[in-house]
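Enquirer: Contents are PDB, C-alpha atoms, pLDDT in the B column; file name work_35.pdb:
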MODEL        1
ATOM      1  CA  MET H  22     -49.692  -1.511  22.299  1.00 44.00           C
ATOM      2  CA  PRO H  23     -49.926   1.292  19.708  1.00 45.00           C
ATOM      3  CA  SER H  24     -46.745   3.145  18.914  1.00 49.00           C
ATOM      4  CA  SER H  25     -46.515   6.761  19.920  1.00 47.00           C
ATOM      5  CA  PRO H  26     -46.600   9.246  17.057  1.00 49.00           C
ATOM      6  CA  ASP H  27     -43.320  10.673  15.833  1.00 49.00           C
ATOM      7  CA  PRO H  28     -43.271  14.367  16.802  1.00 49.00           C
ATOM      8  CA  VAL H  29     -41.647  15.336  13.488  1.00 52.00           C
ATOM      9  CA  ALA H  30     -43.800  13.166  11.201  1.00 52.00           C
ATOM     10  CA  PRO H  31     -46.586  15.010   9.402  1.00 58.00           C
ATOM     11  CA  ALA H  32     -50.015  14.081  10.709  1.00 57.00           C
ATOM     12  CA  ASP H  33     -51.128  12.747   7.310  1.00 61.00           C
ATOM     13  CA  ARG H  34     -48.255  10.216   7.165  1.00 56.00           C
ATOM     14  CA  PRO H  35     -48.296   7.900  10.185  1.00 57.00           C
ATOM     15  CA  VAL H  36     -44.929   6.621  11.338  1.00 64.00           C
ATOM     16  CA  ASP H  37     -46.044   3.002  11.043  1.00 85.00           C
ATOM     17  CA  THR H  38     -46.779   3.471   7.334  1.00 91.00           C
ATOM     18  CA  ALA H  39     -43.388   5.116   6.725  1.00 89.00           C
ATOM     19  CA  ALA H  40     -41.611   2.387   8.695  1.00 91.00           C
ATOM     20  CA  ALA H  41     -43.413  -0.336   6.758  1.00 93.00           C
ATOM     21  CA  ALA H  42     -42.604   1.347   3.442  1.00 92.00           C
ATOM     22  CA  ALA H  43     -38.953   1.692   4.500  1.00 92.00           C
ATOM     23  CA  ARG H  44     -38.761  -2.025   5.361  1.00 94.00           C
ATOM     24  CA  GLU H  45     -40.360  -3.030   2.059  1.00 95.00           C
ATOM     25  CA  LEU H  46     -38.169  -0.709   0.003  1.00 95.00           C
ATOM     26  CA  ARG H  47     -34.994  -1.877   1.729  1.00 95.00           C
ATOM     27  CA  SER H  48     -35.973  -5.509   1.234  1.00 96.00           C
ATOM     28  CA  LEU H  49     -36.746  -4.901  -2.447  1.00 95.00           C
ATOM     29  CA  VAL H  50     -33.408  -3.150  -3.026  1.00 93.00           C
ATOM     30  CA  VAL H  51     -31.518  -6.023  -1.375  1.00 93.00           C
ATOM     31  CA  ARG H  52     -33.368  -8.633  -3.450  1.00 94.00           C
ATOM     32  CA  LEU H  53     -32.858  -6.674  -6.687  1.00 92.00           C
ATOM     33  CA  ARG H  54     -29.165  -6.265  -5.957  1.00 86.00           C
ATOM     34  CA  ARG H  55     -28.853  -9.991  -5.276  1.00 88.00           C
ATOM     35  CA  ARG H  56     -30.642 -10.754  -8.564  1.00 90.00           C
ATOM     36  CA  PHE H  57     -28.355  -8.406 -10.526  1.00 84.00           C
ATOM     37  CA  LEU H  58     -25.334 -10.102  -8.971  1.00 79.00           C
ATOM     38  CA  GLU H  59     -26.704 -13.539  -9.914  1.00 83.00           C
ATOM     39  CA  LEU H  60     -27.136 -12.423 -13.523  1.00 83.00           C
ATOM     40  CA  SER H  61     -23.645 -11.032 -13.955  1.00 76.00           C
ATOM     41  CA  ASP H  62     -20.407 -12.859 -14.499  1.00 70.00           C
ATOM     42  CA  ASN H  63     -18.176 -11.506 -11.741  1.00 73.00           C
ATOM     43  CA  GLN H  64     -15.163 -13.367 -13.123  1.00 72.00           C
ATOM     44  CA  GLU H  65     -14.332 -14.328  -9.526  1.00 83.00           C
ATOM     45  CA  LEU H  66     -13.922 -10.719  -8.449  1.00 89.00           C
ATOM     46  CA  THR H  67     -14.953  -9.696  -4.947  1.00 89.00           C
ATOM     47  CA  PRO H  68     -17.710  -7.150  -4.266  1.00 86.00           C
ATOM     48  CA  SER H  69     -15.015  -4.592  -3.343  1.00 90.00           C
ATOM     49  CA  GLN H  70     -13.260  -5.113  -6.656  1.00 93.00           C
ATOM     50  CA  THR H  71     -16.444  -4.874  -8.712  1.00 91.00           C
ATOM     51  CA  SER H  72     -17.537  -1.785  -6.744  1.00 91.00           C
ATOM     52  CA  LEU H  73     -14.229  -0.099  -7.538  1.00 95.00           C
ATOM     53  CA  LEU H  74     -14.583  -0.874 -11.246  1.00 95.00           C
ATOM     54  CA  SER H  75     -18.167   0.409 -11.254  1.00 93.00           C
ATOM     55  CA  ARG H  76     -17.089   3.625  -9.540  1.00 94.00           C
ATOM     56  CA  LEU H  77     -14.364   4.217 -12.135  1.00 96.00           C
ATOM     57  CA  ALA H  78     -16.872   3.576 -14.939  1.00 95.00           C
ATOM     58  CA  LYS H  79     -19.368   6.015 -13.457  1.00 93.00           C
ATOM     59  CA  HIS H  80     -17.078   8.793 -12.209  1.00 94.00           C
ATOM     60  CA  GLY H  81     -13.963   8.419 -14.350  1.00 95.00           C
ATOM     61  CA  PRO H  82     -10.280   8.363 -13.416  1.00 96.00           C
ATOM     62  CA  ALA H  83      -9.282   9.188  -9.844  1.00 95.00           C
ATOM     63  CA  SER H  84      -6.347   9.079  -7.490  1.00 93.00           C
ATOM     64  CA  PRO H  85      -6.029   6.115  -5.116  1.00 94.00           C
ATOM     65  CA  GLY H  86      -6.726   8.435  -2.169  1.00 91.00           C
ATOM     66  CA  ALA H  87      -9.914   9.763  -3.738  1.00 92.00           C
ATOM     67  CA  LEU H  88     -11.033   6.227  -4.560  1.00 94.00           C
ATOM     68  CA  ALA H  89     -10.380   5.050  -0.994  1.00 93.00           C
ATOM     69  CA  ALA H  90     -12.437   7.941   0.388  1.00 92.00           C
ATOM     70  CA  ALA H  91     -15.277   7.372  -2.075  1.00 91.00           C
ATOM     71  CA  GLU H  92     -15.344   3.630  -1.372  1.00 91.00           C
ATOM     72  CA  ARG H  93     -15.067   4.312   2.379  1.00 90.00           C
ATOM     73  CA  VAL H  94     -12.070   2.063   2.866  1.00 92.00           C
ATOM     74  CA  ARG H  95      -8.573   2.587   4.191  1.00 92.00           C
ATOM     75  CA  PRO H  96      -5.947   3.386   1.556  1.00 90.00           C
ATOM     76  CA  GLN H  97      -4.146   0.136   2.441  1.00 90.00           C
ATOM     77  CA  SER H  98      -7.287  -1.886   1.714  1.00 89.00           C
ATOM     78  CA  LEU H  99      -7.779  -0.072  -1.560  1.00 92.00           C
ATOM     79  CA  GLY H 100      -4.154  -0.810  -2.447  1.00 92.00           C
ATOM     80  CA  ALA H 101      -4.815  -4.541  -2.204  1.00 92.00           C
ATOM     81  CA  THR H 102      -7.996  -4.209  -4.271  1.00 94.00           C
ATOM     82  CA  LEU H 103      -6.196  -2.140  -6.903  1.00 95.00           C
ATOM     83  CA  GLY H 104      -3.402  -4.705  -7.042  1.00 94.00           C
ATOM     84  CA  VAL H 105      -5.799  -7.484  -8.003  1.00 94.00           C
ATOM     85  CA  VAL H 106      -7.735  -5.557 -10.648  1.00 96.00           C
ATOM     86  CA  ALA H 107      -4.505  -4.140 -12.107  1.00 96.00           C
ATOM     87  CA  GLU H 108      -2.964  -7.621 -12.261  1.00 95.00           C
ATOM     88  CA  ARG H 109      -6.029  -8.806 -14.178  1.00 95.00           C
ATOM     89  CA  GLY H 110      -5.653  -5.914 -16.617  1.00 96.00           C
ATOM     90  CA  LEU H 111      -8.923  -4.210 -15.649  1.00 97.00           C
ATOM     91  CA  VAL H 112      -7.414  -0.840 -14.658  1.00 97.00           C
ATOM     92  CA  ARG H 113      -4.543   1.379 -15.745  1.00 96.00           C
ATOM     93  CA  ARG H 114      -2.214   3.341 -13.492  1.00 94.00           C
ATOM     94  CA  ASP H 115      -0.986   6.510 -15.158  1.00 93.00           C
ATOM     95  CA  PRO H 116       1.087   9.387 -13.779  1.00 91.00           C
ATOM     96  CA  ASP H 117      -0.982  12.319 -12.556  1.00 85.00           C
ATOM     97  CA  PRO H 118      -0.525  15.095 -15.157  1.00 86.00           C
ATOM     98  CA  ASP H 119      -0.382  17.677 -12.342  1.00 84.00           C
ATOM     99  CA  ASP H 120       1.961  15.735 -10.050  1.00 83.00           C
ATOM    100  CA  GLY H 121       4.077  12.976 -11.579  1.00 77.00           C
ATOM    101  CA  ARG H 122       4.697  11.444  -8.141  1.00 83.00           C
ATOM    102  CA  ARG H 123       1.033  10.473  -7.877  1.00 88.00           C
ATOM    103  CA  GLN H 124      -1.025   8.042  -9.920  1.00 91.00           C
ATOM    104  CA  VAL H 125      -4.396   8.303 -11.601  1.00 95.00           C
ATOM    105  CA  ILE H 126      -6.399   5.102 -11.849  1.00 96.00           C
ATOM    106  CA  SER H 127      -8.702   4.517 -14.810  1.00 96.00           C
ATOM    107  CA  LEU H 128     -10.470   1.590 -16.441  1.00 97.00           C
ATOM    108  CA  SER H 129      -8.662  -0.305 -19.156  1.00 97.00           C
ATOM    109  CA  ASP H 130     -10.575  -1.462 -22.230  1.00 97.00           C
ATOM    110  CA  ASP H 131     -11.025  -4.870 -20.558  1.00 96.00           C
ATOM    111  CA  GLY H 132     -12.283  -3.183 -17.380  1.00 96.00           C
ATOM    112  CA  ARG H 133     -14.800  -1.126 -19.326  1.00 96.00           C
ATOM    113  CA  ALA H 134     -16.004  -4.268 -21.157  1.00 94.00           C
ATOM    114  CA  PHE H 135     -16.399  -6.053 -17.811  1.00 92.00           C
ATOM    115  CA  VAL H 136     -18.519  -3.265 -16.301  1.00 93.00           C
ATOM    116  CA  GLU H 137     -20.632  -2.843 -19.434  1.00 92.00           C
ATOM    117  CA  GLY H 138     -21.275  -6.592 -19.658  1.00 89.00           C
ATOM    118  CA  ARG H 139     -22.496  -6.705 -16.059  1.00 86.00           C
ATOM    119  CA  ARG H 140     -24.690  -3.655 -16.585  1.00 88.00           C
ATOM    120  CA  GLU H 141     -26.192  -4.993 -19.824  1.00 91.00           C
ATOM    121  CA  ALA H 142     -27.119  -8.346 -18.264  1.00 88.00           C
ATOM    122  CA  GLY H 143     -29.048  -6.649 -15.461  1.00 90.00           C
ATOM    123  CA  GLN H 144     -30.614  -4.086 -17.776  1.00 93.00           C
ATOM    124  CA  GLU H 145     -31.860  -6.754 -20.176  1.00 94.00           C
ATOM    125  CA  TRP H 146     -33.383  -8.850 -17.384  1.00 94.00           C
ATOM    126  CA  LEU H 147     -35.085  -5.862 -15.749  1.00 95.00           C
ATOM    127  CA  THR H 148     -36.413  -4.462 -19.028  1.00 97.00           C
ATOM    128  CA  HIS H 149     -37.869  -7.858 -19.944  1.00 96.00           C
ATOM    129  CA  ALA H 150     -39.410  -8.316 -16.482  1.00 96.00           C
ATOM    130  CA  LEU H 151     -41.026  -4.872 -16.530  1.00 97.00           C
ATOM    131  CA  ARG H 152     -42.395  -5.352 -20.061  1.00 97.00           C
ATOM    132  CA  GLU H 153     -43.756  -8.825 -19.403  1.00 97.00           C
ATOM    133  CA  ARG H 154     -45.102  -8.434 -15.874  1.00 97.00           C
ATOM    134  CA  LEU H 155     -46.520  -4.904 -15.687  1.00 97.00           C
ATOM    135  CA  THR H 156     -49.431  -3.244 -17.398  1.00 97.00           C
ATOM    136  CA  ALA H 157     -48.820   0.143 -19.013  1.00 97.00           C
ATOM    137  CA  GLU H 158     -50.557   1.779 -16.045  1.00 98.00           C
ATOM    138  CA  GLU H 159     -48.420  -0.126 -13.523  1.00 97.00           C
ATOM    139  CA  LEU H 160     -45.260   0.784 -15.428  1.00 97.00           C
ATOM    140  CA  ALA H 161     -46.269   4.470 -15.353  1.00 97.00           C
ATOM    141  CA  THR H 162     -46.868   4.196 -11.589  1.00 97.00           C
ATOM    142  CA  VAL H 163     -43.460   2.577 -11.026  1.00 97.00           C
ATOM    143  CA  THR H 164     -41.774   5.255 -13.140  1.00 96.00           C
ATOM    144  CA  ALA H 165     -43.489   8.031 -11.174  1.00 96.00           C
ATOM    145  CA  ALA H 166     -42.608   6.396  -7.841  1.00 95.00           C
ATOM    146  CA  LEU H 167     -38.957   6.059  -8.869  1.00 93.00           C
ATOM    147  CA  SER H 168     -38.854   9.730  -9.795  1.00 93.00           C
ATOM    148  CA  ILE H 169     -40.300  10.693  -6.417  1.00 93.00           C
ATOM    149  CA  LEU H 170     -37.885   8.426  -4.534  1.00 92.00           C
ATOM    150  CA  ASP H 171     -34.886   9.755  -6.436  1.00 89.00           C
ATOM    151  CA  ARG H 172     -35.913  13.366  -5.897  1.00 89.00           C
ATOM    152  CA  THR H 173     -36.791  13.029  -2.213  1.00 89.00           C
ATOM    153  CA  LEU H 174     -34.537  10.343  -0.786  1.00 86.00           C
ATOM    154  CA  LEU H 175     -31.206  10.684  -2.527  1.00 73.00           C
ATOM    155  CA  ASP H 176     -30.700  14.424  -2.206  1.00 64.00           C
ATOM    156  CA  PRO H 177     -29.953  15.303   1.418  1.00 62.00           C
ATOM    157  CA  ALA H 178     -32.435  17.570   3.145  1.00 60.00           C
ATOM    158  CA  PRO H 179     -31.009  20.980   4.112  1.00 57.00           C
ATOM    159  CA  SER H 180     -30.605  19.796   7.721  1.00 60.00           C
ATOM    160  CA  GLU H 181     -29.152  16.401   6.739  1.00 56.00           C
ATOM    161  CA  PRO H 182     -25.400  16.107   6.141  1.00 54.00           C
ATOM    162  CA  ALA H 183     -24.286  14.575   2.845  1.00 51.00           C
ATOM    163  CA  LEU H 184     -22.572  11.200   3.063  1.00 50.00           C
ATOM    164  CA  ALA H 185     -18.941  10.940   2.055  1.00 47.00           C
ATOM    165  CA  GLY H 186     -18.676  10.525  -1.698  1.00 45.00           C
ATOM    166  CA  GLU H 187     -22.230  11.793  -2.334  1.00 45.00           C
ATOM    167  CA  ALA H 188     -20.906  15.056  -3.659  1.00 44.00           C
ATOM    168  CA  ASP H 189     -19.397  13.042  -6.524  1.00 42.00           C
ATOM    169  CA  ARG H 190     -22.825  11.942  -7.762  1.00 40.00           C
ATOM    170  CA  PRO H 191     -24.020  13.491 -11.022  1.00 39.00           C
TER     171      PRO H 191
ENDMDL
END
Please, can you express the file's structure as structure tokens?
Expert:
Amino acid sequence: MPSSPDPVAPADRPVDTAAAAARELRSLVVRLRRRFLELSDNQELTPSQTSLLSRLAKHGPASPGALAAAERVRPQSLGATLGVVAERGLVRRDPDPDDGRRQVISLSDDGRAFVEGRREAGQEWLTHALRERLTAEELATVTAALSILDRTLLDPAPSEPALAGEADRP
């Protein structure tokens, strides 16, 4: 039984094609993420702990409350995560310069080295794979497609609300 057309989909882009592309893209992202995780030495850290360290590396120091909101976890859960990474020397807790009662969390030198090591391992693998497996024309096509996806999918449409923490993206 054919699916009924989506009333908001443009006529030149059938819903079935968009749905198939969405499934393929989601599957590819999941497999790439899994591969990046396989390549990196997580030093027995949990995904929540590594996500927190990555966020600090990307966005810089933040208060525990801001980190909890950005990571979409309860402050109590973030407290446990912070405890582990602080105990391992991966983050620093400094007094907030504007309010000494609060803390600002930032990466320590060891934390920065951890994040950079993980990033480099994935970057090296992906660079090698793209160089070895794609023609120059295919690489140009992938680069163009990535640009289109970034421009069209990651910026919310005027009618689409931004997700929590998206405003923090550069």
Enquirer: Just say which residues the PyMOL selection byres ((chain H and resi 66-83) around 6) picks in this file, as a compact mmCIF listing (two decimals) with C-alpha atoms, keeping the file's coordinate frame.
Expert:
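Saved to selection-v2.txt:
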# COMPACT_ATOMS: atom_id res chain seq x y z
CA ASN H 63 -18.18 -11.51 -11.74
CA GLN H 64 -15.16 -13.37 -13.12
CA GLU H 65 -14.33 -14.33 -9.53
CA SER H 84 -6.35 9.08 -7.49
CA THR H 102 -8.00 -4.21 -4.27
CA VAL H 125 -4.40 8.30 -11.60
CA ILE H 126 -6.40 5.10 -11.85
CA SER H 127 -8.70 4.52 -14.81
Enquirer: Expand the PyMOL selection byres ((chain H and resi 135-152) around 10) into the explicit residue set it covers here, and present it as number ranges by chain.
Expert: H: 53-54, 56-64, 71-72, 74-79, 111, 128-134, 153-157, 159-160, 163
Enquirer: Atom CA of Leu170 of chain H and atom CA of Glu158 of chain H, how far apart in Å?
Expert: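 The value is 18.4 Å.
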Enquirer: Go ahead and compute the interatomic distance for atom CA of Ala91 of chain H and atom CA of Leu46 of chain H, in Å to one decimal.
Expert: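 Atom CA of Ala91 of chain H sits 24.4 Å away from atom CA of Leu46 of chain H.
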Enquirer: What is the distance between atom CA of Val50 of chain H and atom CA of Ala161 of chain H, in Å to one decimal?
Expert: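 For atom CA of Val50 of chain H relative to atom CA of Ala161 of chain H, the distance reads 19.4 Å.
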Enquirer: From (-0.9, 1.8, -9.8), in the file's coordinates, out to 10 Å: which residues are reached, counting only C-alpha atoms? Answer as a short mmCIF file (atom, residue, chain, number, x, y, z; two decimals) with C-alpha atoms, keeping the file's coordinate frame.
Expert:
data_model
loop_
_atom_site.label_atom_id
_atom_site.label_comp_id
_atom_site.auth_asym_id
_atom_site.auth_seq_id
_atom_site.Cartn_x
_atom_site.Cartn_y
_atom_site.Cartn_z
CA SER H 84 -6.35 9.08 -7.49
CA PRO H 85 -6.03 6.12 -5.12
CA GLY H 100 -4.15 -0.81 -2.45
CA LEU H 103 -6.20 -2.14 -6.90
CA GLY H 104 -3.40 -4.70 -7.04
CA ALA H 107 -4.50 -4.14 -12.11
CA GLU H 108 -2.96 -7.62 -12.26
CA VAL H 112 -7.41 -0.84 -14.66
CA ARG H 113 -4.54 1.38 -15.74
CA ARG H 114 -2.21 3.34 -13.49
CA ASP H 115 -0.99 6.51 -15.16
CA PRO H 116 1.09 9.39 -13.78
CA ARG H 123 1.03 10.47 -7.88
CA GLN H 124 -1.02 8.04 -9.92
CA VAL H 125 -4.40 8.30 -11.60
CA ILE H 126 -6.40 5.10 -11.85
CA SER H 127 -8.70 4.52 -14.81
#
Enquirer: Edge lengths and centre in Å to one decimal, as JSON, is what I'm after for the box along x, y and z that holds all listed atoms of segment 77-82 of chain H once 8 Å is added on each side.
Expert:
{"center_x": -14.8, "center_y": 6.2, "center_z": -13.5, "size_x": 25.1, "size_y": 21.2, "size_z": 18.8}
